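Asks: Just final_7.txt, nothing more (compact mmCIF, C-alpha atoms):
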# COMPACT_ATOMS: atom_id res chain seq x y z
CA MET D 9 84.38 92.95 108.80
CA VAL D 10 86.11 96.06 110.13
CA GLY D 11 89.10 96.15 112.44
CA VAL D 12 91.68 98.34 114.09
CA ASP D 13 95.34 97.59 114.87
CA VAL D 14 95.69 97.80 118.66
CA LEU D 15 99.31 96.54 118.82
CA ASN D 16 100.92 99.39 116.87
CA ALA D 17 98.59 102.02 118.35
CA GLY D 18 99.49 100.81 121.85
CA LEU D 19 103.23 100.70 121.14
CA GLY D 20 103.04 104.33 119.97
CA VAL D 21 102.60 105.39 123.59
CA PHE D 22 106.12 104.12 124.37
CA SER D 23 108.01 104.93 121.13
CA ASP D 24 108.64 107.59 118.50
CA ARG D 25 106.59 105.63 115.97
CA LYS D 26 102.91 106.58 116.02
CA VAL D 27 100.77 104.33 113.80
CA PHE D 28 97.00 104.32 113.55
CA GLN D 29 95.55 101.87 111.04
CA GLY D 30 92.44 99.92 110.34
CA PHE D 31 91.06 97.52 107.76
CA VAL D 32 87.87 96.49 106.02
CA SER D 33 87.47 93.00 104.56
CA SER D 34 84.67 91.34 102.68
CA LYS D 35 84.13 87.75 101.63
CA VAL D 36 84.25 87.48 97.82
CA SER D 37 83.84 83.71 97.39
CA LYS D 38 83.97 80.57 99.50
CA SER D 39 87.59 81.07 100.66
CA ILE D 40 88.67 84.41 99.12
CA HIS D 41 88.36 87.75 100.93
CA ALA D 42 89.10 91.25 99.61
CA VAL D 43 90.79 93.59 102.08
CA ALA D 44 91.66 97.30 102.27
CA ASP D 45 93.88 98.86 104.94
CA ALA D 46 94.30 102.58 105.59
CA GLY D 47 96.21 104.51 108.19
CA PHE D 48 98.48 107.32 109.30
CA GLU D 49 102.05 107.09 110.58
CA LYS D 50 104.41 109.62 112.15
CA ASN D 51 107.99 108.53 112.84
CA ILE D 52 111.59 109.69 113.31
CA TYR D 53 114.89 108.13 112.21
CA GLN D 54 118.08 108.89 114.15
CA LYS D 55 120.75 106.39 113.19
CA ASN D 56 124.21 106.36 111.54
CA GLY D 57 124.36 110.17 111.44
CA TYR D 58 120.90 110.57 109.90
CA ASP D 59 118.25 112.64 111.60
CA ALA D 60 114.91 112.59 109.80
CA LYS D 61 111.19 112.65 110.37
CA ALA D 62 108.26 111.62 108.19
CA SER D 63 104.49 111.59 108.51
CA GLY D 64 101.68 110.75 106.16
CA PHE D 65 98.85 108.51 105.06
CA PHE D 66 99.01 105.05 103.53
CA VAL D 67 96.63 102.59 101.91
CA LYS D 68 96.93 98.88 101.09
CA LEU D 69 94.61 96.92 98.79
CA GLY D 70 94.56 93.19 98.21
CA GLY D 71 93.05 89.96 99.36
CA PHE D 72 93.67 86.70 101.13
CA TYR D 73 92.78 83.06 100.84
CA MET D 74 91.56 81.11 103.89
CA LEU D 75 94.04 78.22 104.06
CA VAL D 76 92.44 76.49 107.05
CA LYS D 77 88.90 77.17 108.27
CA ASP D 78 87.00 76.15 111.37
CA PRO D 79 84.07 73.93 110.23
CA GLU D 80 81.75 75.68 112.71
CA ASN D 81 82.78 79.26 111.80
CA GLU D 82 84.22 79.94 108.34
CA PHE D 83 85.76 83.24 109.51
CA ASN D 84 88.01 81.47 112.06
CA GLY D 85 91.25 80.11 110.64
CA PHE D 86 94.56 80.85 108.97
CA TYR D 87 95.01 82.87 105.80
CA ALA D 88 97.60 84.21 103.34
CA GLY D 89 97.51 86.69 100.49
CA PRO D 90 99.06 89.69 98.70
CA LYS D 91 98.49 93.45 98.92
CA LEU D 92 99.75 96.50 97.08
CA GLY D 93 100.63 99.45 99.31
CA ALA D 94 101.05 103.17 98.66
CA SER D 95 102.11 105.98 100.94
CA PHE D 96 101.88 109.75 100.46
CA TYR D 97 103.88 111.62 103.05
CA ASN D 98 106.06 114.59 104.04
CA GLN D 99 109.64 114.06 105.11
CA GLU D 100 112.33 116.35 106.46
CA TYR D 101 116.04 115.65 106.92
CA PHE D 102 117.68 117.56 109.77
CA ALA D 103 121.03 115.83 109.17
CA VAL D 104 122.39 113.67 106.34
CA PRO D 105 126.04 112.60 106.77
CA ILE D 106 128.50 113.41 103.98
CA ARG D 107 132.26 113.02 103.74
CA GLY D 108 134.10 116.35 104.15
CA SER D 109 137.06 117.48 102.03
CA GLN D 110 139.61 116.71 104.79
CA GLY D 111 138.08 113.28 105.51
CA GLY D 112 135.95 114.62 108.36
CA ASP D 113 132.26 113.94 108.66
CA VAL D 114 129.80 116.76 108.16
CA SER D 115 126.05 116.76 107.76
CA VAL D 116 123.63 118.61 105.52
CA ALA D 117 119.97 119.44 106.19
CA PHE D 118 117.20 119.26 103.59
CA PRO D 119 113.83 121.06 103.79
CA SER D 120 110.47 119.34 104.11
CA SER D 121 109.25 117.72 100.89
CA SER D 122 106.30 115.63 99.70
CA GLN D 123 107.15 112.06 98.69
CA SER D 124 105.39 108.85 97.69
CA SER D 125 106.32 105.17 97.89
CA TYR D 126 104.78 101.93 96.62
CA TRP D 127 105.34 98.35 97.79
CA LEU D 128 104.19 94.75 97.51
CA GLU D 129 103.18 93.08 100.73
CA GLY D 130 102.41 89.50 101.64
CA GLY D 131 100.16 88.71 104.56
CA VAL D 132 100.10 85.58 106.70
CA GLY D 133 97.86 85.42 109.73
CA GLY D 134 95.06 83.94 111.74
CA ARG D 135 91.70 84.99 113.05
CA VAL D 136 89.57 83.67 115.91
CA GLN D 137 86.16 84.71 117.24
CA LEU D 138 85.92 86.00 120.80
CA PHE D 139 83.36 83.80 122.56
CA ASP D 140 79.92 84.06 120.89
CA SER D 141 80.22 87.75 120.03
CA GLY D 142 80.75 89.51 116.71
CA PHE D 143 84.32 90.37 117.75
CA TYR D 144 87.45 88.67 116.42
CA ILE D 145 91.16 88.77 117.18
CA ASP D 146 93.17 88.95 113.98
CA VAL D 147 96.98 88.58 114.11
CA ASN D 148 99.18 88.80 111.03
CA MET D 149 102.70 89.29 109.73
CA GLN D 150 103.49 91.22 106.55
CA PRO D 151 106.79 90.78 104.69
CA ARG D 152 107.20 93.84 102.43
CA TYR D 153 109.22 94.73 99.33
CA LEU D 154 109.56 98.36 98.22
CA LEU D 155 108.83 98.58 94.48
CA PHE D 156 109.27 102.31 93.85
CA THR D 157 109.88 105.46 95.84
CA THR D 158 110.43 109.10 95.01
CA LYS D 159 113.69 110.52 96.33
CA GLN D 160 114.68 113.91 97.63
CA ASP D 161 118.08 114.83 96.11
CA ASP D 162 118.80 111.12 95.41
CA ILE D 163 118.48 110.19 99.09
CA PHE D 164 116.74 106.87 99.70
CA PRO D 165 113.95 107.44 102.30
CA MET D 166 114.71 106.19 105.81
CA ILE D 167 111.04 106.19 106.85
CA VAL D 168 108.04 105.29 104.70
CA PRO D 169 104.68 105.50 106.52
CA GLY D 170 102.93 102.13 106.30
CA PHE D 171 106.13 100.41 105.12
CA GLY D 172 108.31 101.13 108.14
CA ARG D 173 111.74 102.39 109.12
CA SER D 174 114.44 100.97 106.92
CA SER D 175 117.30 101.91 104.66
CA GLY D 176 116.61 98.87 102.47
CA LYS D 177 113.89 97.54 100.21
CA PHE D 178 112.76 94.71 102.54
CA ASN D 179 110.84 95.08 105.79
CA ILE D 180 108.45 93.07 107.97
CA GLY D 181 105.41 94.37 109.79
CA PHE D 182 103.16 92.90 112.46
CA ALA D 183 99.56 93.69 113.40
CA TRP D 184 97.31 92.57 116.24
CA ASN D 185 93.77 93.64 115.37
CA ILE D 186 90.43 93.71 117.10
CA ALA D 187 87.77 93.24 114.42
CA TYR D 188 84.00 93.23 114.30
CA LYS D 189 81.93 91.22 111.81
CA PHE D 190 78.66 92.78 110.74
Would you encode the structure as structure tokens?

Replies:
Amino acid sequence: MVGVDVLNAGLGVFSDRKVFQGFVSSKVSKSIHAVADAGFEKNIYQKNGYDAKASGFFVKLGGFYMLVKDPENEFNGFYAGPKLGASFYNQEYFAVPIRGSQGGDVSVAFPSSSQSSYWLEGGVGGRVQLFDSGFYIDVNMQPRYLLFTTKQDDIFPMIVPGFGRSSGKFNIGFAWNIAYKF
């Protein structure tokens, strides 16, 4: 089965976050499926005195277990499973707030640099076939925990493509996919 995330691609028309991602999944055993996601994200972060941008590619590998299946179509149902994610991207800080010597706020800019980040992601979702076609709607939620990230001058990244915009280690993503089963 192959699919593309139409929710995040569609939201990119109205926001600074541009995400294009797709997935490939294959049935491994009766209820276990292997899955690989890949994509590209371009985003900006302008909050609390920070002004940054990042863009790059990401990949996620894992699997899921079909918790509940339709007796007439084993690909319809609800599922859950883990994935490991990695992102390789370029980031640039136009402004990073620092405390000045007189107590005033000043900002410092940092040049573009190549970074990488790695995370663990859970996936919980459902899939249903569209009529009697080979097409499916697949909706899922992904709670994420950042395991490791490179840092530019000890600055925690504000944007990690594929992980999201956050100044913390936890994040949640959503996807609404149109998929086709071969």

Asks: Kindly indicate which residue among D:Glu82, D:Asp113, D:Asp59, D:Asp146 lies nearest to Ala187 (chain D), using only C-alpha atoms for the distances.

Replies: D:Asp146

Asks: Within 8 Å of region 127-133 of chain D, counting all atoms listed in the file, which residues qualify if same-chain residues fewer than 6 places away don't, as a list in words?

Replies: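 That gives Phe72, Phe86, Tyr87, Ala88, Gly89, Pro90, Lys91, Leu92, Gly93, Ala94, Asp146, Val147, Asn148, Met149, Gln150, Pro151, Arg152, Tyr153, Leu154, Leu155, Phe156 and Phe171 of chain D.
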
Asks: Write out as a ChimeraX atom specification which residues come within 8 Å of Phe143 (chain D) when counting only C-alpha atoms, dropping same-chain ones fewer than 4 positions away.

Replies: /D:137-138,186-189

Asks: Which residue out of D:Asn81, D:Gly64, D:Leu69, D:Phe118 has the minimum interatomic distance to Asp162 (chain D) when all atoms listed in the file are used?

Replies: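 Checking each of D:Asn81, D:Gly64, D:Leu69, D:Phe118 against Asp162 (chain D), counting all atoms listed in the file, the winner is D:Phe118.
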
Asks: Considering all atoms listed in the file, state which residue in the set D:Trp184, D:Phe96, D:Leu19, D:Ser120 is at the smallest distance from Thr157 (chain D).

Replies: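 Of D:Trp184, D:Phe96, D:Leu19, D:Ser120, the one nearest Thr157 (chain D) is D:Phe96, counting all atoms listed in the file.
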
Asks: If we count all atoms listed in the file, what is near Ala117 (chain D) at a cut-off of 12 Å, once residues fewer than 3 positions away on the same chain are taken out, given as an MDAnalysis selection string?

Replies: chainID D and resid 57:61 99:106 114 120 160:161 163

Asks: Output, as JSON, the centre and edge lengths in Å (one decimal) of the axis-aligned box that contains all listed atoms of region 165-177 of chain D with 4 Å of margin on each side.

Replies:
{"center_x": 110.1, "center_y": 102.5, "center_z": 104.7, "size_x": 22.4, "size_y": 17.9, "size_z": 16.9}

Asks: Pick out the closest residue to Ala183 (chain D) from this set: D:Val76, D:Ile40, D:Ala46, D:Val12. Count only C-alpha atoms.

Replies: D:Val12

Asks: Here is a test: counting all atoms listed in the file, which residue of D:Gly181, D:Gly142, D:Gly20, D:Gly108 is nearest to Asn51 (chain D)?

Replies: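 Comparing D:Gly181, D:Gly142, D:Gly20, D:Gly108 against Asn51 (chain D), the winner is D:Gly20.
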
Asks: Could you please determine the separation between CA of Phe66 (chain D) and CA of Gly134 (chain D) in Å, to one decimal place?

Replies: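 About the pair CA of Phe66 (chain D) and CA of Gly134 (chain D): they are 23.0 Å apart.
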
Asks: Name the residues in contact with Ser63 (chain D) at a cut-off of 9 Å, using all atoms listed in the file, excluding same-chain residues fewer than 2 positions from it; report them as a compact mmCIF listing (two decimals) with C-alpha atoms, in the coordinates of the input.

Replies:
# COMPACT_ATOMS: atom_id res chain seq x y z
CA PHE D 48 98.48 107.32 109.30
CA GLU D 49 102.05 107.09 110.58
CA LYS D 50 104.41 109.62 112.15
CA ASN D 51 107.99 108.53 112.84
CA ILE D 52 111.59 109.69 113.31
CA LYS D 61 111.19 112.65 110.37
CA PHE D 65 98.85 108.51 105.06
CA PHE D 96 101.88 109.75 100.46
CA TYR D 97 103.88 111.62 103.05
CA ASN D 98 106.06 114.59 104.04
CA GLN D 99 109.64 114.06 105.11
CA ILE D 167 111.04 106.19 106.85
CA VAL D 168 108.04 105.29 104.70
CA PRO D 169 104.68 105.50 106.52

Asks: Take CA of Leu15 (chain D) and CA of Asn185 (chain D) and report the distance between them in Å, one decimal.

Replies: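 Interatomic distance here is 7.1 Å.
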
Asks: May I ask which of the residues D:Arg107, D:Lys77, D:Lys177, D:Lys159 is the closest one to Val136 (chain D), counting all atoms listed in the file?

Replies: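 With all atoms listed in the file as the atom set, the closest residue is D:Lys77.
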
Asks: What is the CA of Ile145 (chain D)-CA of Asn84 (chain D) distance in Å, reported with one decimal?

Replies: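 Those two atoms sit 9.5 Å apart.
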
Asks: Tell me, as JSON, numbers by chain, which residues lie within 9 Å of Asn16 (chain D), counting only C-alpha atoms; anything in the same chain fewer than 5 positions away does not count.

Replies: {"D": [25, 26, 27, 28, 29, 182, 183, 184]}

Asks: May I have the residues at most 10 Å from (88.1, 87.6, 97.4) in the file's coordinates, counting all atoms listed in the file, as a PDB file with C-alpha atoms, in the coordinates of the input?

Replies:
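Result file result-v6.pdb:
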ATOM      1  CA  SER D  33      87.470  93.000 104.560  1.00  0.00           C
ATOM      2  CA  SER D  34      84.670  91.340 102.680  1.00  0.00           C
ATOM      3  CA  LYS D  35      84.130  87.750 101.630  1.00  0.00           C
ATOM      4  CA  VAL D  36      84.250  87.480  97.820  1.00  0.00           C
ATOM      5  CA  SER D  37      83.840  83.710  97.390  1.00  0.00           C
ATOM      6  CA  LYS D  38      83.970  80.570  99.500  1.00  0.00           C
ATOM      7  CA  SER D  39      87.590  81.070 100.660  1.00  0.00           C
ATOM      8  CA  ILE D  40      88.670  84.410  99.120  1.00  0.00           C
ATOM      9  CA  HIS D  41      88.360  87.750 100.930  1.00  0.00           C
ATOM     10  CA  ALA D  42      89.100  91.250  99.610  1.00  0.00           C
ATOM     11  CA  VAL D  43      90.790  93.590 102.080  1.00  0.00           C
ATOM     12  CA  GLY D  70      94.560  93.190  98.210  1.00  0.00           C
ATOM     13  CA  GLY D  71      93.050  89.960  99.360  1.00  0.00           C
ATOM     14  CA  PHE D  72      93.670  86.700 101.130  1.00  0.00           C
ATOM     15  CA  TYR D  73      92.780  83.060 100.840  1.00  0.00           C
ATOM     16  CA  MET D  74      91.560  81.110 103.890  1.00  0.00           C
ATOM     17  CA  GLY D  89      97.510  86.690 100.490  1.00  0.00           C
TER      18      GLY D  89
END
